[in-house]
>>> print(open('data27.cif').read())   # mmCIF, C-alpha atoms and all ligand atoms
data_input
#
loop_
_atom_site.label_atom_id
_atom_site.label_comp_id
_atom_site.auth_asym_id
_atom_site.auth_seq_id
_atom_site.Cartn_x
_atom_site.Cartn_y
_atom_site.Cartn_z
CA MET A 1172 133.63 122.26 141.63
CA LYS A 1173 135.42 118.90 141.45
CA ASN A 1174 133.70 116.02 143.14
CA ALA A 1175 136.23 115.65 145.96
CA GLU A 1176 136.16 119.38 146.75
CA ARG A 1177 132.45 119.27 147.46
CA PRO A 1178 131.60 119.48 151.16
CA VAL A 1179 130.76 116.74 153.62
CA ALA A 1180 127.41 117.58 155.23
CA PHE A 1181 126.59 116.95 158.87
CA PHE A 1182 123.08 117.37 160.16
CA ASP A 1183 121.24 117.08 163.43
CA SER A 1184 118.00 118.21 165.05
CA GLY A 1185 120.00 121.12 166.42
CA LEU A 1186 123.54 121.83 167.56
CA GLY A 1187 124.50 118.41 168.96
CA GLY A 1188 126.03 117.10 165.76
CA ILE A 1189 128.69 119.80 166.08
CA SER A 1190 130.34 117.46 168.62
CA VAL A 1191 130.73 114.93 165.79
CA LEU A 1192 131.85 117.57 163.29
CA ARG A 1193 134.46 118.76 165.77
CA ALA A 1194 135.99 115.28 165.92
CA ALA A 1195 135.85 114.87 162.14
CA ARG A 1196 137.48 118.22 161.47
CA ARG A 1197 140.39 117.31 163.72
CA ALA A 1198 140.97 114.02 161.93
CA LEU A 1199 140.17 115.24 158.39
CA PRO A 1200 141.17 118.93 158.40
CA HIS A 1201 141.36 119.29 154.59
CA GLU A 1202 137.70 118.55 153.99
CA ASN A 1203 135.14 121.29 153.44
CA TYR A 1204 132.14 120.89 155.73
CA ILE A 1205 128.61 122.14 155.92
CA TYR A 1206 126.57 121.77 159.08
CA TYR A 1207 122.79 121.96 159.08
CA GLY A 1208 121.08 122.28 162.46
CA ASP A 1209 117.31 121.86 162.43
CA SER A 1210 116.87 123.84 165.64
CA ALA A 1211 113.49 125.23 164.53
CA ASN A 1212 112.15 121.66 164.72
CA ALA A 1213 114.13 120.49 167.77
CA PRO A 1214 113.87 118.31 169.69
CA TYR A 1215 113.42 115.26 167.44
CA GLY A 1216 113.77 112.87 170.35
CA THR A 1217 110.23 113.30 171.70
CA LYS A 1218 108.45 113.36 168.32
CA PRO A 1219 106.59 110.46 166.66
CA PRO A 1220 108.79 108.31 164.35
CA ALA A 1221 106.96 109.36 161.16
CA GLU A 1222 107.58 113.01 162.00
CA ILE A 1223 111.28 112.35 162.64
CA ARG A 1224 111.55 110.61 159.26
CA ARG A 1225 109.81 113.48 157.50
CA LEU A 1226 112.06 116.09 159.13
CA ALA A 1227 115.26 114.12 158.44
CA GLY A 1228 114.16 113.64 154.81
CA ALA A 1229 113.59 117.37 154.38
CA VAL A 1230 117.04 118.23 155.80
CA MET A 1231 118.66 115.58 153.61
CA GLU A 1232 117.19 117.26 150.53
CA LYS A 1233 118.57 120.61 151.67
CA VAL A 1234 122.13 119.40 152.23
CA LEU A 1235 122.19 117.57 148.90
CA ALA A 1236 120.99 120.75 147.20
CA LEU A 1237 123.97 122.47 148.84
CA GLY A 1238 126.26 120.05 147.00
CA ALA A 1239 127.17 117.51 149.71
CA LYS A 1240 129.37 114.62 148.47
CA ALA A 1241 128.63 112.58 151.63
CA VAL A 1242 126.26 113.00 154.55
CA VAL A 1243 126.80 112.28 158.25
CA VAL A 1244 123.50 111.90 160.07
CA ALA A 1245 125.01 113.35 163.25
CA CYS A 1246 121.99 112.53 165.36
CA ASN A 1247 121.36 109.21 167.10
CA THR A 1248 117.60 109.74 166.96
CA ALA A 1249 117.48 110.48 163.22
CA THR A 1250 119.92 107.64 162.52
CA GLY A 1251 117.87 105.21 164.60
CA LEU A 1252 114.60 106.05 162.91
CA ALA A 1253 115.43 107.39 159.46
CA VAL A 1254 118.82 106.25 158.17
CA ASP A 1255 117.57 103.03 156.51
CA GLY A 1256 114.98 104.99 154.53
CA LEU A 1257 117.51 107.64 153.52
CA ARG A 1258 119.95 105.00 152.27
CA GLN A 1259 117.19 103.43 150.19
CA GLN A 1260 116.19 106.76 148.76
CA TYR A 1261 119.76 107.88 147.98
CA PRO A 1262 121.73 104.71 147.18
CA ASP A 1263 124.56 106.65 145.51
CA VAL A 1264 125.28 108.98 148.42
CA PRO A 1265 127.64 107.78 151.17
CA ILE A 1266 125.49 108.18 154.30
CA ILE A 1267 127.16 107.68 157.67
CA GLY A 1268 125.00 107.27 160.76
CA VAL A 1269 125.77 107.43 164.47
CA GLU A 1270 124.68 105.02 167.18
CA PRO A 1271 125.23 104.90 170.93
CA ALA A 1272 128.69 103.48 171.71
CA VAL A 1273 127.32 100.45 173.57
CA LYS A 1274 129.79 98.03 171.99
CA PRO A 1275 133.00 99.75 173.15
CA ALA A 1276 131.46 100.38 176.59
CA VAL A 1277 130.51 96.73 177.10
CA GLU A 1278 133.86 95.51 175.74
CA ALA A 1279 135.70 97.75 178.19
CA HIS A 1280 133.48 96.72 181.13
CA PRO A 1281 132.37 93.10 180.65
CA GLY A 1282 129.86 92.11 183.30
CA GLY A 1283 129.56 95.74 184.38
CA THR A 1284 126.73 98.24 184.48
CA VAL A 1285 126.50 100.53 181.47
CA LEU A 1286 124.03 103.40 181.37
CA VAL A 1287 122.95 104.69 177.96
CA LEU A 1288 121.82 108.30 178.09
CA ALA A 1289 119.80 109.18 174.98
CA THR A 1290 116.50 110.64 173.79
CA PRO A 1291 113.28 108.75 174.53
CA MET A 1292 112.58 107.98 170.84
CA CYS A 1293 116.13 106.85 170.16
CA LEU A 1294 115.88 104.34 173.01
CA GLN A 1295 112.46 103.09 171.89
CA GLY A 1296 113.52 102.60 168.28
CA GLN A 1297 114.04 99.17 166.74
CA ARG A 1298 117.73 99.80 165.98
CA PHE A 1299 118.55 100.60 169.59
CA ARG A 1300 116.54 97.67 170.94
CA GLU A 1301 118.48 95.33 168.66
CA LEU A 1302 121.77 96.90 169.76
CA MET A 1303 120.83 96.44 173.40
CA GLU A 1304 119.77 92.83 172.89
CA ARG A 1305 123.09 92.04 171.21
CA PHE A 1306 124.99 93.02 174.33
CA SER A 1307 122.52 92.11 177.07
CA ASP A 1308 124.42 88.92 177.98
CA ALA A 1309 127.75 90.70 178.25
CA ALA A 1310 126.80 93.51 180.65
CA GLU A 1311 123.84 95.18 182.30
CA VAL A 1312 122.87 97.78 179.70
CA VAL A 1313 120.42 100.31 181.13
CA PRO A 1314 118.62 102.86 178.92
CA VAL A 1315 118.20 106.27 180.57
CA PRO A 1316 115.80 108.44 178.54
CA CYS A 1317 116.80 112.09 178.93
CA GLY A 1318 113.93 114.12 177.46
CA GLY A 1319 114.70 117.81 178.02
CA LEU A 1320 118.48 117.47 178.21
CA MET A 1321 119.41 118.53 174.67
CA GLU A 1322 117.61 121.83 175.27
CA PHE A 1323 120.40 122.92 177.63
CA VAL A 1324 122.88 122.75 174.74
CA GLU A 1325 120.49 124.55 172.39
CA ARG A 1326 120.41 127.38 174.95
CA GLY A 1327 124.20 127.35 175.30
CA GLU A 1328 123.78 126.35 178.95
CA LEU A 1329 126.67 123.90 179.41
CA GLU A 1330 126.95 124.22 183.19
CA GLY A 1331 125.10 125.61 186.20
CA GLU A 1332 122.63 124.73 188.89
CA ASP A 1333 119.60 123.94 186.73
CA LEU A 1334 121.63 121.50 184.64
CA GLN A 1335 123.10 119.87 187.73
CA SER A 1336 119.70 119.44 189.37
CA TYR A 1337 118.27 117.95 186.13
CA LEU A 1338 121.13 115.43 186.06
CA GLN A 1339 120.97 114.65 189.80
CA GLU A 1340 117.29 113.86 189.47
CA LYS A 1341 117.77 111.75 186.33
CA LEU A 1342 120.62 109.78 187.88
CA ALA A 1343 119.12 109.56 191.38
CA PRO A 1344 118.37 105.80 191.06
CA TRP A 1345 122.13 105.25 190.57
CA GLN A 1346 123.36 107.27 193.52
CA GLY A 1347 125.44 105.00 195.72
CA ARG A 1348 125.36 102.16 193.15
CA ARG A 1349 128.20 101.07 190.96
CA VAL A 1350 128.10 102.45 187.42
CA ASP A 1351 131.03 101.36 185.24
CA ALA A 1352 130.30 103.40 182.15
CA ALA A 1353 127.88 105.94 180.76
CA VAL A 1354 127.37 106.12 177.02
CA LEU A 1355 126.51 109.55 175.61
CA GLY A 1356 123.89 108.29 173.15
CA CYS A 1357 122.84 111.71 171.89
CA THR A 1358 125.23 113.96 170.02
CA HIS A 1359 124.30 116.94 172.18
CA TYR A 1360 125.60 115.31 175.36
CA PRO A 1361 129.38 115.48 174.73
CA PHE A 1362 128.98 119.23 175.29
CA LEU A 1363 127.66 118.37 178.78
CA ARG A 1364 130.35 115.79 179.51
CA GLU A 1365 131.79 117.61 182.52
CA ALA A 1366 128.39 118.19 184.13
CA ILE A 1367 127.45 114.53 183.53
CA ALA A 1368 130.77 113.37 185.01
CA GLU A 1369 130.15 115.52 188.07
CA ALA A 1370 126.67 114.04 188.54
CA LEU A 1371 127.89 110.44 188.07
CA GLY A 1372 131.01 110.61 190.18
CA PRO A 1373 134.59 109.69 189.26
CA GLU A 1374 134.15 105.89 188.90
CA ALA A 1375 132.14 105.85 185.67
CA GLU A 1376 133.88 106.02 182.31
CA ILE A 1377 132.06 108.32 179.90
CA LEU A 1378 132.05 107.35 176.22
CA ASP A 1379 130.81 108.80 172.99
CA GLY A 1380 130.98 107.29 169.52
CA ASN A 1381 132.58 110.22 167.72
CA ALA A 1382 135.96 108.61 166.98
CA GLY A 1383 134.21 105.63 165.38
CA VAL A 1384 132.04 107.86 163.19
CA THR A 1385 135.09 109.81 162.04
CA ALA A 1386 136.94 106.60 161.16
CA GLN A 1387 133.96 105.42 159.17
CA LEU A 1388 133.67 108.73 157.33
CA HIS A 1389 137.35 108.51 156.41
CA ARG A 1390 136.93 104.95 155.15
CA ARG A 1391 133.87 105.75 153.05
CA LEU A 1392 135.43 108.84 151.45
CA LYS A 1393 138.61 106.93 150.69
CA GLU A 1394 136.93 103.95 149.10
CA GLN A 1395 134.84 106.23 146.88
CA GLY A 1396 137.86 108.36 145.87
CA LEU A 1397 136.23 111.36 147.51
CA LEU A 1398 138.94 112.51 149.95
CA ASN A 1399 139.79 116.13 149.21
CA PRO A 1400 143.39 116.03 147.88
CA THR A 1401 144.32 119.59 148.96
CA GLU A 1402 146.93 120.54 151.59
CA GLN A 1403 144.89 123.62 152.52
CA PRO A 1404 142.67 123.67 155.62
CA GLY A 1405 139.02 123.14 154.71
CA SER A 1406 136.09 125.40 155.49
CA VAL A 1407 133.06 124.98 157.78
CA THR A 1408 129.78 126.66 156.85
CA PHE A 1409 126.84 126.64 159.25
CA TYR A 1410 123.16 126.61 158.35
CA ASN A 1411 120.21 126.50 160.71
CA SER A 1412 116.46 126.30 160.19
CA LEU A 1413 116.09 128.86 162.97
CA GLU A 1414 116.59 132.20 161.32
CA ASP A 1415 118.52 133.77 164.16
CA PRO A 1416 122.14 134.96 163.94
CA ALA A 1417 122.61 134.00 167.63
CA ILE A 1418 122.21 130.28 166.81
CA LEU A 1419 124.96 130.50 164.17
CA GLU A 1420 127.20 132.27 166.65
CA LEU A 1421 126.54 129.59 169.28
CA SER A 1422 127.29 126.94 166.61
CA ARG A 1423 130.72 128.45 165.91
CA MET A 1424 131.43 128.73 169.63
CA LEU A 1425 130.62 125.02 170.18
CA LEU A 1426 132.84 124.01 167.26
CA GLU A 1427 135.80 125.84 168.77
CA LEU A 1428 135.41 124.41 172.31
CA PRO A 1429 138.50 122.43 173.37
N1 LIG B 1 121.23 115.13 168.95
C1 LIG B 1 120.17 114.20 168.82
C2 LIG B 1 120.62 112.76 169.02
O1 LIG B 1 121.78 112.46 168.88
C3 LIG B 1 118.83 114.39 169.39
C4 LIG B 1 118.34 115.50 170.18
C5 LIG B 1 116.86 115.67 169.94
O2 LIG B 1 116.53 116.26 168.94
O3 LIG B 1 116.05 115.23 170.74
O4 LIG B 1 119.84 111.91 169.30
#
>>> encode(input="data27.cif", output="structure tokens", more="lines below")
Ligand code: DGL
Amino acid sequence: MKNAERPVAFFDSGLGGISVLRAARRALPHENYIYYGDSANAPYGTKPPAEIRRLAGAVMEKVLALGAKAVVVACNTATGLAVDGLRQQYPDVPIIGVEPAVKPAVEAHPGGTVLVLATPMCLQGQRFRELMERFSDAAEVVPVPCGGLMEFVERGELEGEDLQSYLQEKLAPWQGRRVDAAVLGCTHYPFLREAIAEALGPEAEILDGNAGVTAQLHRRLKEQGLLNPTEQPGSVTFYNSLEDPAILELSRMLLELP
């Protein structure tokens, strides 16, 4: 297989990174994609950093063995804790990470209040703390650790009473207070966007970083001469560490959501 025809790999602790893949496929429809969900080891976001690095390293090996020409670490937690190490280990592989979209949120709402919903470990990591410090003069940036939230997506539970009561409880301190924006700092959360919007009320803008990641992927493929030159639509192949056909079916369903 020619270099440019090789797939772009996306990976995540589970199904969340499919929200990033969905955006990439729309913008770059001629690429072939593989998606590796590590659902058997999910969640990453409440595990010790060394464990997250080990798991991300193991998945990286798998997607490279599957022939990936570039890798999107479609997980804020794995990016925050493991992407530097992966780049050192694989200097010749274009590796694109994701990070909470704090910058666009603060730029759109200077002086405002910006909540960042993400996993506990992502918010505790050095990379996120630096990101927050960079913007702390420009707006009130408030981390909201959401342990337990990604599990709703892993179960395919994108709406309903249990989800709403989880969110109401998590966002209770903000009831009746002005929130200008909420950043979806975990790739699972775009699948819960409507439920989160309902819990926050109509005033808050909800942002994810998926357009930025897609633009960066495009740039990196282009500069390395790795864009697939075909006019044909590309393929998407799902893999998951959980050996259960239902998880692959849920993966395809999430990819096709509007
Ligand atoms: N989807 C992942 C992220 O973007 C994390 C979910 C988890 O494994 O805790 O951070």
>>> residues_around(input="data27.cif", residues="range 1361-1371 of chain A", least_positions_apart="5", cutoff="7 Å", atoms="all atoms listed in the file", output="PyMOL selection string")
chain A and resi 1190+1329-1330+1335+1338-1339+1355
>>> write_last_selection(input="data27.cif", atoms="C-alpha atoms", output="mmCIF file, keeping the file's coordinate frame")
data_model
loop_
_atom_site.group_PDB
_atom_site.id
_atom_site.type_symbol
_atom_site.label_atom_id
_atom_site.label_comp_id
_atom_site.auth_asym_id
_atom_site.auth_seq_id
_atom_site.Cartn_x
_atom_site.Cartn_y
_atom_site.Cartn_z
ATOM 1 C CA SER A 1190 130.340 117.460 168.620
ATOM 2 C CA LEU A 1329 126.670 123.900 179.410
ATOM 3 C CA GLU A 1330 126.950 124.220 183.190
ATOM 4 C CA GLN A 1335 123.100 119.870 187.730
ATOM 5 C CA LEU A 1338 121.130 115.430 186.060
ATOM 6 C CA GLN A 1339 120.970 114.650 189.800
ATOM 7 C CA LEU A 1355 126.510 109.550 175.610
#
>>> closest_residue(input="data27.cif", among="A:Glu1374, A:Glu1414, A:Asp1209, A:Glu1402", to="Val1350 in chain A", atoms="all atoms listed in the file")
A:Glu1374
>>> atom_distance(input="data27.cif", atom1="CA of Ile1266 in chain A", atom2="CA of Val1242 in chain A")
4.9 Å
>>> closest_residue(input="data27.cif", among="A:Gly1238, A:Pro1262, A:Gly1282, A:Pro1291", to="Met1321 in chain A", atoms="all atoms listed in the file")
A:Pro1291
>>> closest_residue(input="data27.cif", among="A:Ala1276, A:Val1243, A:Val1179, A:Leu1334", to="ligand LIG 1 (chain B)", atoms="all atoms listed in the file")
A:Val1243
>>> atom_distance(input="data27.cif", atom1="CA of Lys1173 in chain A", atom2="CA of Arg1197 in chain A")
22.9 Å
>>> residues_near_ligand(input="data27.cif", ligand="ligand LIG 1 (chain B)", cutoff="7 Å", atoms="all atoms listed in the file", output="list in words")
Asp1183, Ser1184, Gly1185, Gly1187, Gly1188, Ala1213, Pro1214, Tyr1215, Gly1216, Thr1217, Ala1245, Cys1246, Asn1247, Thr1248, Ala1249, Ala1289, Thr1290, Cys1293, Met1321, Gly1356, Cys1357, Thr1358 and His1359 of chain A
>>> decode(input="data27.cif", residues="range 1260-1272 of chain A", atoms="all heavy atoms", output="PDB file, in the first residue's frame")
ATOM      1  N   GLN A1260       9.101   9.015  21.605  1.00  0.00           N
ATOM      2  CA  GLN A1260       9.327   7.622  21.222  1.00  0.00           C
ATOM      3  C   GLN A1260       9.182   7.401  19.717  1.00  0.00           C
ATOM      4  O   GLN A1260       9.845   6.539  19.151  1.00  0.00           O
ATOM      5  CB  GLN A1260       8.322   6.748  21.979  1.00  0.00           C
ATOM      6  CG  GLN A1260       8.751   5.305  22.088  1.00  0.00           C
ATOM      7  CD  GLN A1260       7.721   4.490  22.875  1.00  0.00           C
ATOM      8  OE1 GLN A1260       6.896   5.033  23.623  1.00  0.00           O
ATOM      9  NE2 GLN A1260       7.765   3.184  22.702  1.00  0.00           N
ATOM     10  N   TYR A1261       8.286   8.175  19.084  1.00  0.00           N
ATOM     11  CA  TYR A1261       8.024   7.990  17.644  1.00  0.00           C
ATOM     12  C   TYR A1261       8.201   9.316  16.903  1.00  0.00           C
ATOM     13  O   TYR A1261       7.234   9.899  16.414  1.00  0.00           O
ATOM     14  CB  TYR A1261       6.602   7.466  17.419  1.00  0.00           C
ATOM     15  CG  TYR A1261       6.306   6.174  18.133  1.00  0.00           C
ATOM     16  CD1 TYR A1261       5.590   6.160  19.319  1.00  0.00           C
ATOM     17  CD2 TYR A1261       6.740   4.957  17.605  1.00  0.00           C
ATOM     18  CE1 TYR A1261       5.314   4.969  19.980  1.00  0.00           C
ATOM     19  CE2 TYR A1261       6.476   3.762  18.257  1.00  0.00           C
ATOM     20  CZ  TYR A1261       5.761   3.782  19.446  1.00  0.00           C
ATOM     21  OH  TYR A1261       5.492   2.599  20.097  1.00  0.00           O
ATOM     22  N   PRO A1262       9.456   9.800  16.812  1.00  0.00           N
ATOM     23  CA  PRO A1262       9.665  11.132  16.228  1.00  0.00           C
ATOM     24  C   PRO A1262       9.265  11.237  14.757  1.00  0.00           C
ATOM     25  O   PRO A1262       9.032  12.343  14.271  1.00  0.00           O
ATOM     26  CB  PRO A1262      11.172  11.368  16.420  1.00  0.00           C
ATOM     27  CG  PRO A1262      11.770  10.022  16.628  1.00  0.00           C
ATOM     28  CD  PRO A1262      10.710   9.168  17.249  1.00  0.00           C
ATOM     29  N   ASP A1263       9.172  10.098  14.060  1.00  0.00           N
ATOM     30  CA  ASP A1263       8.853  10.169  12.620  1.00  0.00           C
ATOM     31  C   ASP A1263       7.360  10.072  12.320  1.00  0.00           C
ATOM     32  O   ASP A1263       6.951  10.182  11.172  1.00  0.00           O
ATOM     33  CB  ASP A1263       9.581   9.049  11.861  1.00  0.00           C
ATOM     34  CG  ASP A1263      11.088   9.186  11.994  1.00  0.00           C
ATOM     35  OD1 ASP A1263      11.554  10.342  12.158  1.00  0.00           O
ATOM     36  OD2 ASP A1263      11.780   8.155  11.993  1.00  0.00           O
ATOM     37  N   VAL A1264       6.562   9.839  13.341  1.00  0.00           N
ATOM     38  CA  VAL A1264       5.117   9.696  13.112  1.00  0.00           C
ATOM     39  C   VAL A1264       4.430  11.025  13.437  1.00  0.00           C
ATOM     40  O   VAL A1264       4.622  11.556  14.533  1.00  0.00           O
ATOM     41  CB  VAL A1264       4.528   8.591  14.029  1.00  0.00           C
ATOM     42  CG1 VAL A1264       3.029   8.412  13.773  1.00  0.00           C
ATOM     43  CG2 VAL A1264       5.272   7.279  13.862  1.00  0.00           C
ATOM     44  N   PRO A1265       3.632  11.580  12.495  1.00  0.00           N
ATOM     45  CA  PRO A1265       2.851  12.761  12.876  1.00  0.00           C
ATOM     46  C   PRO A1265       1.833  12.357  13.955  1.00  0.00           C
ATOM     47  O   PRO A1265       1.007  11.474  13.730  1.00  0.00           O
ATOM     48  CB  PRO A1265       2.150  13.175  11.578  1.00  0.00           C
ATOM     49  CG  PRO A1265       2.849  12.438  10.477  1.00  0.00           C
ATOM     50  CD  PRO A1265       3.441  11.212  11.087  1.00  0.00           C
ATOM     51  N   ILE A1266       1.940  12.979  15.124  1.00  0.00           N
ATOM     52  CA  ILE A1266       1.028  12.669  16.235  1.00  0.00           C
ATOM     53  C   ILE A1266       0.287  13.951  16.600  1.00  0.00           C
ATOM     54  O   ILE A1266       0.910  14.961  16.949  1.00  0.00           O
ATOM     55  CB  ILE A1266       1.808  12.133  17.464  1.00  0.00           C
ATOM     56  CG1 ILE A1266       2.553  10.836  17.089  1.00  0.00           C
ATOM     57  CG2 ILE A1266       0.855  11.875  18.639  1.00  0.00           C
ATOM     58  CD1 ILE A1266       3.425  10.281  18.215  1.00  0.00           C
ATOM     59  N   ILE A1267      -1.029  13.911  16.480  1.00  0.00           N
ATOM     60  CA  ILE A1267      -1.842  15.098  16.754  1.00  0.00           C
ATOM     61  C   ILE A1267      -2.601  14.861  18.058  1.00  0.00           C
ATOM     62  O   ILE A1267      -3.265  13.829  18.217  1.00  0.00           O
ATOM     63  CB  ILE A1267      -2.827  15.367  15.582  1.00  0.00           C
ATOM     64  CG1 ILE A1267      -2.042  15.784  14.328  1.00  0.00           C
ATOM     65  CG2 ILE A1267      -3.813  16.481  15.916  1.00  0.00           C
ATOM     66  CD1 ILE A1267      -1.773  14.711  13.361  1.00  0.00           C
ATOM     67  N   GLY A1268      -2.486  15.800  18.974  1.00  0.00           N
ATOM     68  CA  GLY A1268      -3.184  15.646  20.249  1.00  0.00           C
ATOM     69  C   GLY A1268      -4.416  16.538  20.310  1.00  0.00           C
ATOM     70  O   GLY A1268      -4.660  17.344  19.405  1.00  0.00           O
ATOM     71  N   VAL A1269      -5.199  16.382  21.358  1.00  0.00           N
ATOM     72  CA  VAL A1269      -6.354  17.263  21.562  1.00  0.00           C
ATOM     73  C   VAL A1269      -6.207  17.917  22.937  1.00  0.00           C
ATOM     74  O   VAL A1269      -5.641  17.335  23.848  1.00  0.00           O
ATOM     75  CB  VAL A1269      -7.699  16.500  21.494  1.00  0.00           C
ATOM     76  CG1 VAL A1269      -7.858  15.806  20.160  1.00  0.00           C
ATOM     77  CG2 VAL A1269      -7.857  15.495  22.610  1.00  0.00           C
ATOM     78  N   GLU A1270      -6.699  19.147  23.040  1.00  0.00           N
ATOM     79  CA  GLU A1270      -6.696  19.771  24.371  1.00  0.00           C
ATOM     80  C   GLU A1270      -7.975  20.584  24.512  1.00  0.00           C
ATOM     81  O   GLU A1270      -8.562  21.016  23.517  1.00  0.00           O
ATOM     82  CB  GLU A1270      -5.445  20.626  24.605  1.00  0.00           C
ATOM     83  CG  GLU A1270      -5.390  21.881  23.775  1.00  0.00           C
ATOM     84  CD  GLU A1270      -4.189  22.761  24.099  1.00  0.00           C
ATOM     85  OE1 GLU A1270      -3.259  22.343  24.796  1.00  0.00           O
ATOM     86  OE2 GLU A1270      -4.205  23.911  23.614  1.00  0.00           O
ATOM     87  N   PRO A1271      -8.430  20.783  25.760  1.00  0.00           N
ATOM     88  CA  PRO A1271      -9.666  21.537  25.949  1.00  0.00           C
ATOM     89  C   PRO A1271      -9.592  22.912  25.269  1.00  0.00           C
ATOM     90  O   PRO A1271      -8.569  23.598  25.342  1.00  0.00           O
ATOM     91  CB  PRO A1271      -9.762  21.674  27.472  1.00  0.00           C
ATOM     92  CG  PRO A1271      -8.996  20.492  28.000  1.00  0.00           C
ATOM     93  CD  PRO A1271      -7.871  20.285  27.037  1.00  0.00           C
ATOM     94  N   ALA A1272     -10.684  23.296  24.608  1.00  0.00           N
ATOM     95  CA  ALA A1272     -10.716  24.518  23.790  1.00  0.00           C
ATOM     96  C   ALA A1272     -10.853  25.778  24.656  1.00  0.00           C
ATOM     97  O   ALA A1272     -11.753  26.608  24.460  1.00  0.00           O
ATOM     98  CB  ALA A1272     -11.858  24.421  22.783  1.00  0.00           C
TER      99      ALA A1272
END
